[in-house]
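Right, one structure below, let's go through it.
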Amino acid sequence: MNYCAEIIAVGTEILLGDIVNTDAQTVARALSELGINVYYNTVVGDNPERLRAAVEIAKDRADIIITTGGLGPTFDDLTKQTLAECFGKKLVLNERELQKIKGYFEKLGRTMTKNNEQQAYLPEDCTVLENDWGTAPGCAFFAENTHVLMLPGPPRECVPMMRERAMPYLKKLSDACLVSHEIKIFGMGESSVEDKIRHIAEKMTNPTLAPYAKEGETLLRVTGRAGDESAADALTRPVIDQVYEILGDCIYGTDVPSLAFVVLETLKKQGKTIATAESCTGGLLSKMLTDLPGASDAFLGGICAYQNEIKEKLLYVPHELLEKHGAVSEECAAAMAEGVRKALGADIGVGITGIAGPGGGSEEKPVGTVYIAVSDGVETRVKKVLHQRDRGTVRNMSALTALDQVRRILEK
């Protein structure tokens, strides 16, 4: 059977924009892995009448309803009560869960307040989804031809609960397995990617090939559906090979976390080190690298050289060069890359200089003009980019472009 699911996130704070509904993303991705289609995604506030109305609608159009949030001890945590009413089920005290909640407070050296008991009341005859990451247990039951699962709202609880509790329950329902692989692309926009792969993508039904735009890059998701994981994966492999043939070195990896990860791992494998000299990006490139565990194996350090005097003193950029070409120039970027490589004793040096805006541009060098240089001691490559967007995007795209240039030098 091909099940369809609806996700209902419960919480007024989501509707007010106080928090982002990351739970929906967590649940949807997990359901996709199981071959369960998500047709609807609903958000409703902490209001029993509106929640009841949303559930009644979901009952008519979904085989599986998964709720997140509203399982806590406060007066507005009404998810269990409302769903139990919608499906004609009583809430009964689960003594085992009550003892677990009491034990949690005892470990903290605190007295459990009476309202925490409501977390241990669960729909009769339900499957308890034990919460080892918080106090509110989840639950699952089948009624009126609908599978209902309730998960806690805090992401630190919802993520492991979906993975460790809900997915094993749902695996018993799905008659198919989906396997997806993500091909990561930098330097080619979504429309260009789609234009190049359209002739193969539009003919596909299983596997499927779909582009997704992300800030600064494009993602192609290849998804195969079959009776088991191995068969589904086998369907995707020829498509991945075909995409690599079409897009070439714009692809920086498949199923990799980020461009920075690929660069760092390649540096480690080659036994090389890197140092950065940044002006307009203000250390963002260094941050992208040092956000990753084990960065010290390859990243030696960075110099944030905003003022020309710092470029001269720490990066050995000649004063005459700055006078003649200016700080925002191909020549300055190259000197910064070579200077930081020598100053820190790295195998590869990166120099970034530009105008992030919103002011400071000119007719010759408008806001968004950035020069990115990479030096490996043999050659120095300089790339000029122009990002006519906001300051944050200019900085982010410049740092990502620098990483991509490093990747290309490492792969040459």
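Numbering starts fresh at 1 for the residues of each chain in the structure tokens, the chains themselves are lettered A, B, ... in the order given, and ligands are numbered from 1 as they appear.
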
(request) For region 62-71 of chain A, please output as JSON, numbers by chain all residues within 8 Å (counting only C-alpha atoms; exclusion window: fewer than 3 positions along the same chain). (result) {"A": [3, 4, 5, 6, 7, 8, 9, 10, 11, 23, 39, 46, 58, 59, 76, 77, 78, 79, 80, 119, 136, 137, 138, 145, 146, 147, 148, 149, 150, 151, 152, 153, 154, 158]}

(request) Name the residues of region 99-129 of chain A that come out as alpha helix (DSSP H) in a backbone DSSP run; write them as a list in words. (result)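 Everything in region 99-129 of chain A that counts as alpha helix (DSSP H) is Gln99, Lys100, Ile101, Lys102, Gly103, Tyr104, Phe105, Glu106, Lys107 and Leu108 of chain A.
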
Expected file contents, prior selection, all heavy atoms, as a JSON list (two decimals), in the first residue's frame:
```
[["chain", "number", "residue", "atom", "x", "y", "z"],
["A", 99, "GLN", "N", 6.45, 6.92, 36.57],
["A", 99, "GLN", "CA", 7.63, 6.66, 37.39],
["A", 99, "GLN", "C", 8.90, 7.19, 36.71],
["A", 99, "GLN", "O", 9.82, 7.66, 37.37],
["A", 99, "GLN", "CB", 7.74, 5.16, 37.70],
["A", 99, "GLN", "CG", 6.63, 4.63, 38.59],
["A", 99, "GLN", "CD", 6.49, 5.43, 39.88],
["A", 99, "GLN", "OE1", 7.46, 5.77, 40.55],
["A", 99, "GLN", "NE2", 5.22, 5.74, 40.22],
["A", 100, "LYS", "N", 8.95, 7.07, 35.38],
["A", 100, "LYS", "CA", 10.10, 7.60, 34.65],
["A", 100, "LYS", "C", 10.21, 9.11, 34.80],
["A", 100, "LYS", "O", 11.30, 9.65, 34.98],
["A", 100, "LYS", "CB", 10.01, 7.24, 33.17],
["A", 100, "LYS", "CG", 10.35, 5.79, 32.85],
["A", 100, "LYS", "CD", 10.26, 5.52, 31.35],
["A", 100, "LYS", "CE", 11.26, 6.34, 30.58],
["A", 100, "LYS", "NZ", 11.21, 6.05, 29.12],
["A", 101, "ILE", "N", 9.05, 9.78, 34.74],
["A", 101, "ILE", "CA", 9.05, 11.24, 34.89],
["A", 101, "ILE", "C", 9.47, 11.63, 36.29],
["A", 101, "ILE", "O", 10.28, 12.55, 36.48],
["A", 101, "ILE", "CB", 7.65, 11.80, 34.55],
["A", 101, "ILE", "CG1", 7.32, 11.53, 33.07],
["A", 101, "ILE", "CG2", 7.60, 13.31, 34.82],
["A", 101, "ILE", "CD1", 5.87, 11.82, 32.70],
["A", 102, "LYS", "N", 8.96, 10.91, 37.28],
["A", 102, "LYS", "CA", 9.35, 11.19, 38.67],
["A", 102, "LYS", "C", 10.85, 10.97, 38.85],
["A", 102, "LYS", "O", 11.53, 11.74, 39.52],
["A", 102, "LYS", "CB", 8.57, 10.29, 39.62],
["A", 102, "LYS", "CG", 7.10, 10.67, 39.77],
["A", 102, "LYS", "CD", 6.40, 9.76, 40.75],
["A", 102, "LYS", "CE", 4.94, 10.17, 40.96],
["A", 102, "LYS", "NZ", 4.24, 9.27, 41.90],
["A", 103, "GLY", "N", 11.36, 9.90, 38.25],
["A", 103, "GLY", "CA", 12.79, 9.61, 38.35],
["A", 103, "GLY", "C", 13.64, 10.70, 37.72],
["A", 103, "GLY", "O", 14.74, 11.02, 38.21],
["A", 104, "TYR", "N", 13.14, 11.27, 36.65],
["A", 104, "TYR", "CA", 13.87, 12.36, 35.98],
["A", 104, "TYR", "C", 14.05, 13.54, 36.93],
["A", 104, "TYR", "O", 15.15, 14.10, 37.05],
["A", 104, "TYR", "CB", 13.09, 12.79, 34.73],
["A", 104, "TYR", "CG", 13.63, 14.02, 34.05],
["A", 104, "TYR", "CD1", 14.69, 13.94, 33.15],
["A", 104, "TYR", "CD2", 13.06, 15.28, 34.30],
["A", 104, "TYR", "CE1", 15.18, 15.08, 32.52],
["A", 104, "TYR", "CE2", 13.55, 16.42, 33.68],
["A", 104, "TYR", "CZ", 14.60, 16.32, 32.79],
["A", 104, "TYR", "OH", 15.08, 17.45, 32.19],
["A", 105, "PHE", "N", 12.98, 13.91, 37.63],
["A", 105, "PHE", "CA", 13.06, 15.03, 38.55],
["A", 105, "PHE", "C", 13.92, 14.71, 39.77],
["A", 105, "PHE", "O", 14.61, 15.57, 40.31],
["A", 105, "PHE", "CB", 11.66, 15.48, 38.97],
["A", 105, "PHE", "CG", 10.95, 16.30, 37.92],
["A", 105, "PHE", "CD1", 10.08, 15.69, 37.03],
["A", 105, "PHE", "CD2", 11.18, 17.66, 37.82],
["A", 105, "PHE", "CE1", 9.43, 16.43, 36.06],
["A", 105, "PHE", "CE2", 10.54, 18.41, 36.85],
["A", 105, "PHE", "CZ", 9.67, 17.80, 35.96],
["A", 106, "GLU", "N", 13.85, 13.46, 40.21],
["A", 106, "GLU", "CA", 14.67, 13.06, 41.36],
["A", 106, "GLU", "C", 16.16, 13.18, 41.04],
["A", 106, "GLU", "O", 16.96, 13.60, 41.89],
["A", 106, "GLU", "CB", 14.32, 11.63, 41.76],
["A", 106, "GLU", "CG", 12.96, 11.51, 42.44],
["A", 106, "GLU", "CD", 12.57, 10.06, 42.68],
["A", 106, "GLU", "OE1", 13.37, 9.16, 42.33],
["A", 106, "GLU", "OE2", 11.46, 9.82, 43.20],
["A", 107, "LYS", "N", 16.54, 12.81, 39.82],
["A", 107, "LYS", "CA", 17.94, 12.92, 39.42],
["A", 107, "LYS", "C", 18.40, 14.37, 39.43],
["A", 107, "LYS", "O", 19.58, 14.67, 39.69],
["A", 107, "LYS", "CB", 18.14, 12.33, 38.03],
["A", 107, "LYS", "CG", 18.08, 10.81, 38.00],
["A", 107, "LYS", "CD", 18.30, 10.30, 36.58],
["A", 107, "LYS", "CE", 18.23, 8.77, 36.54],
["A", 107, "LYS", "NZ", 18.41, 8.24, 35.15],
["A", 108, "LEU", "N", 17.48, 15.29, 39.13],
["A", 108, "LEU", "CA", 17.81, 16.71, 39.13],
["A", 108, "LEU", "C", 17.76, 17.31, 40.53],
["A", 108, "LEU", "O", 18.11, 18.48, 40.72],
["A", 108, "LEU", "CB", 16.85, 17.48, 38.21],
["A", 108, "LEU", "CG", 16.89, 17.14, 36.72],
["A", 108, "LEU", "CD1", 15.83, 17.95, 35.98],
["A", 108, "LEU", "CD2", 18.27, 17.43, 36.14]]
```

(request) Kindly indicate which residue among A:Val44, A:Met336, A:Leu344, A:Leu122 lies nearest to Val92 (chain A), using only C-alpha atoms for the distances. (result)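 So, comparing all the options, the nearest one is A:Leu122.
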
(request) Provide the CA of Glu117 (chain A) to CA of Glu97 (chain A) distance in Å, to one decimal place. (result)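 One can read the CA of Glu117 (chain A) to CA of Glu97 (chain A) distance as 9.3 Å.
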
Neighbouring residues of Met204 (chain A) were defined as those with any atom within 12 Å, considering only C-alpha atoms; residues of the same chain fewer than 3 positions away were excluded. Please report them as a short mmCIF file (atom, residue, chain, number, x, y, z; two decimals) with N, CA and C atoms, in the first residue's frame.
```cif
data_model
loop_
_atom_site.label_atom_id
_atom_site.label_comp_id
_atom_site.auth_asym_id
_atom_site.auth_seq_id
_atom_site.Cartn_x
_atom_site.Cartn_y
_atom_site.Cartn_z
N ILE A 197 20.00 18.96 -17.60
CA ILE A 197 19.57 17.59 -17.26
C ILE A 197 18.11 17.32 -17.60
N ARG A 198 17.42 18.33 -18.17
CA ARG A 198 15.98 18.17 -18.43
C ARG A 198 15.70 16.98 -19.34
N HIS A 199 16.52 16.77 -20.35
CA HIS A 199 16.24 15.71 -21.32
C HIS A 199 16.24 14.32 -20.71
N ILE A 200 16.93 14.16 -19.59
CA ILE A 200 16.87 12.85 -18.92
C ILE A 200 15.87 12.86 -17.77
N ALA A 201 15.73 14.02 -17.08
CA ALA A 201 14.86 14.08 -15.90
C ALA A 201 13.39 13.93 -16.27
N PRO A 207 14.07 5.72 -11.22
CA PRO A 207 14.22 6.79 -10.22
C PRO A 207 13.78 8.14 -10.76
N THR A 208 13.75 9.10 -9.83
CA THR A 208 13.43 10.48 -10.21
C THR A 208 14.65 11.36 -9.99
N LEU A 209 14.67 12.48 -10.69
CA LEU A 209 15.78 13.42 -10.61
C LEU A 209 15.20 14.83 -10.50
N ALA A 210 15.49 15.50 -9.38
CA ALA A 210 14.87 16.82 -9.15
C ALA A 210 15.91 17.81 -8.64
N VAL A 222 18.52 12.44 -6.47
CA VAL A 222 18.18 11.25 -7.23
C VAL A 222 17.54 10.26 -6.27
N THR A 223 16.30 9.84 -6.57
CA THR A 223 15.55 8.98 -5.65
C THR A 223 15.05 7.74 -6.38
N GLY A 224 15.37 6.58 -5.81
CA GLY A 224 14.89 5.31 -6.34
C GLY A 224 13.94 4.65 -5.36
N LEU A 235 18.99 1.42 -8.50
CA LEU A 235 18.30 2.22 -9.51
C LEU A 235 18.92 3.60 -9.69
N THR A 236 19.49 4.14 -8.61
CA THR A 236 20.00 5.51 -8.66
C THR A 236 21.39 5.61 -9.29
N VAL A 239 21.98 6.84 -12.96
CA VAL A 239 21.57 8.24 -13.09
C VAL A 239 22.66 9.16 -12.55
#
```

(message) Applying 10 Å and only C-alpha atoms, which residues near Glu312 (chain A) remain after dropping the ones on its own chain fewer than 3 positions away? List them as number ranges by chain.
(response) A: 305, 307-309, 315-319, 321-322, 335-336, 339

(request) Would you please work out which residue, of A:Glu164, A:Asp241, A:Glu320, A:Glu49, is nearest to Thr254 (chain A) when using only C-alpha atoms? (result) A:Asp241

(request) For Ile246 (chain A), please output as a ChimeraX atom specification all residues within 8 Å (counting only C-alpha atoms; exclusion window: fewer than 3 positions along the same chain). (result) /A:196-197,242-243

(message) Need to verify the contact set: Val328 (chain A), 12 Å, only C-alpha atoms, exclusion of same-chain residues closer than 5 positions in sequence. Can you return it as number ranges by chain?
(response) A: 278-280, 306-308, 311, 321-323, 333-336, 351-356, 360-362, 364-373, 384-385

(message) I need the residue nearest Arg29 (chain A) from this list: A:Val55, A:Lys203, A:Gly282, A:Leu178. Use only C-alpha atoms for the distance.
(response)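 Result for the nearest residue to Arg29 (chain A): A:Leu178.
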
(request) Find the spatial neighbours of Glu229 (chain A), counting only C-alpha atoms, within a cut-off of 7 Å - ignore same-chain residues fewer than 4 positions away - and output them as a ChimeraX atom specification. (result) /A:177,179,233

Take the residues that were just selected and, keeping all heavy atoms, output them as a PDB file, in the first residue's frame.
```
ATOM      1  N   CYS A 177      10.723   1.003  -0.199  1.00  0.00           N
ATOM      2  CA  CYS A 177      11.851   1.715   0.399  1.00  0.00           C
ATOM      3  C   CYS A 177      12.351   2.751  -0.599  1.00  0.00           C
ATOM      4  O   CYS A 177      12.512   2.455  -1.787  1.00  0.00           O
ATOM      5  CB  CYS A 177      12.961   0.730   0.742  1.00  0.00           C
ATOM      6  SG  CYS A 177      14.437   1.501   1.431  1.00  0.00           S
ATOM      7  N   VAL A 179      15.433   5.349  -1.563  1.00  0.00           N
ATOM      8  CA  VAL A 179      16.822   5.715  -1.332  1.00  0.00           C
ATOM      9  C   VAL A 179      17.118   6.955  -2.161  1.00  0.00           C
ATOM     10  O   VAL A 179      16.863   6.975  -3.369  1.00  0.00           O
ATOM     11  CB  VAL A 179      17.784   4.576  -1.725  1.00  0.00           C
ATOM     12  CG1 VAL A 179      19.230   5.069  -1.687  1.00  0.00           C
ATOM     13  CG2 VAL A 179      17.619   3.391  -0.786  1.00  0.00           C
ATOM     14  N   ASP A 233      18.722   1.544  -4.205  1.00  0.00           N
ATOM     15  CA  ASP A 233      20.015   2.193  -4.428  1.00  0.00           C
ATOM     16  C   ASP A 233      20.556   1.872  -5.815  1.00  0.00           C
ATOM     17  O   ASP A 233      21.114   2.742  -6.497  1.00  0.00           O
ATOM     18  CB  ASP A 233      21.007   1.761  -3.351  1.00  0.00           C
ATOM     19  CG  ASP A 233      22.335   2.471  -3.476  1.00  0.00           C
ATOM     20  OD1 ASP A 233      22.360   3.697  -3.266  1.00  0.00           O
ATOM     21  OD2 ASP A 233      23.343   1.806  -3.802  1.00  0.00           O
TER      22      ASP A 233
END
```

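Closest approach to Ala176 (chain A) among A:Leu264, A:Met288, A:Leu34, A:Cys250 is made by A:Leu34 (distances from only C-alpha atoms).
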
(request) Quick one: pull the distance between CA of Ala143 (chain A) and CA of Arg165 (chain A), Å, one decimal. (result) 19.4 Å

(request) Record the distance separating CA of Asp376 (chain A) and CA of Thr273 (chain A), expressed in Å with one decimal. (result)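 According to the coordinates, CA of Asp376 (chain A) and CA of Thr273 (chain A) are separated by 10.0 Å.
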
(request) Would you please give, as a PyMOL selection string, all residues of region 43-115 of chain A that DSSP assigns to strand (DSSP E or B) based on the backbone? (result) chain A and resi 43-44+64-68+91-93

(request) Can you work out which one of A:Leu83, A:Ala30, A:Val128, A:Val262 has the shortest atom-to-atom distance to Arg408 (chain A), counting only C-alpha atoms? (result)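 Using only C-alpha atoms, Arg408 (chain A) sits closest to A:Val262.
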
(request) For each of A:Pro211, A:Gly302, A:Gly227, A:Gly134, take the minimum atom-to-atom distance to Leu284 (chain A), counting only C-alpha atoms, then give the residue where this is smallest. (result)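 Using only C-alpha atoms, Leu284 (chain A) sits closest to A:Gly302.
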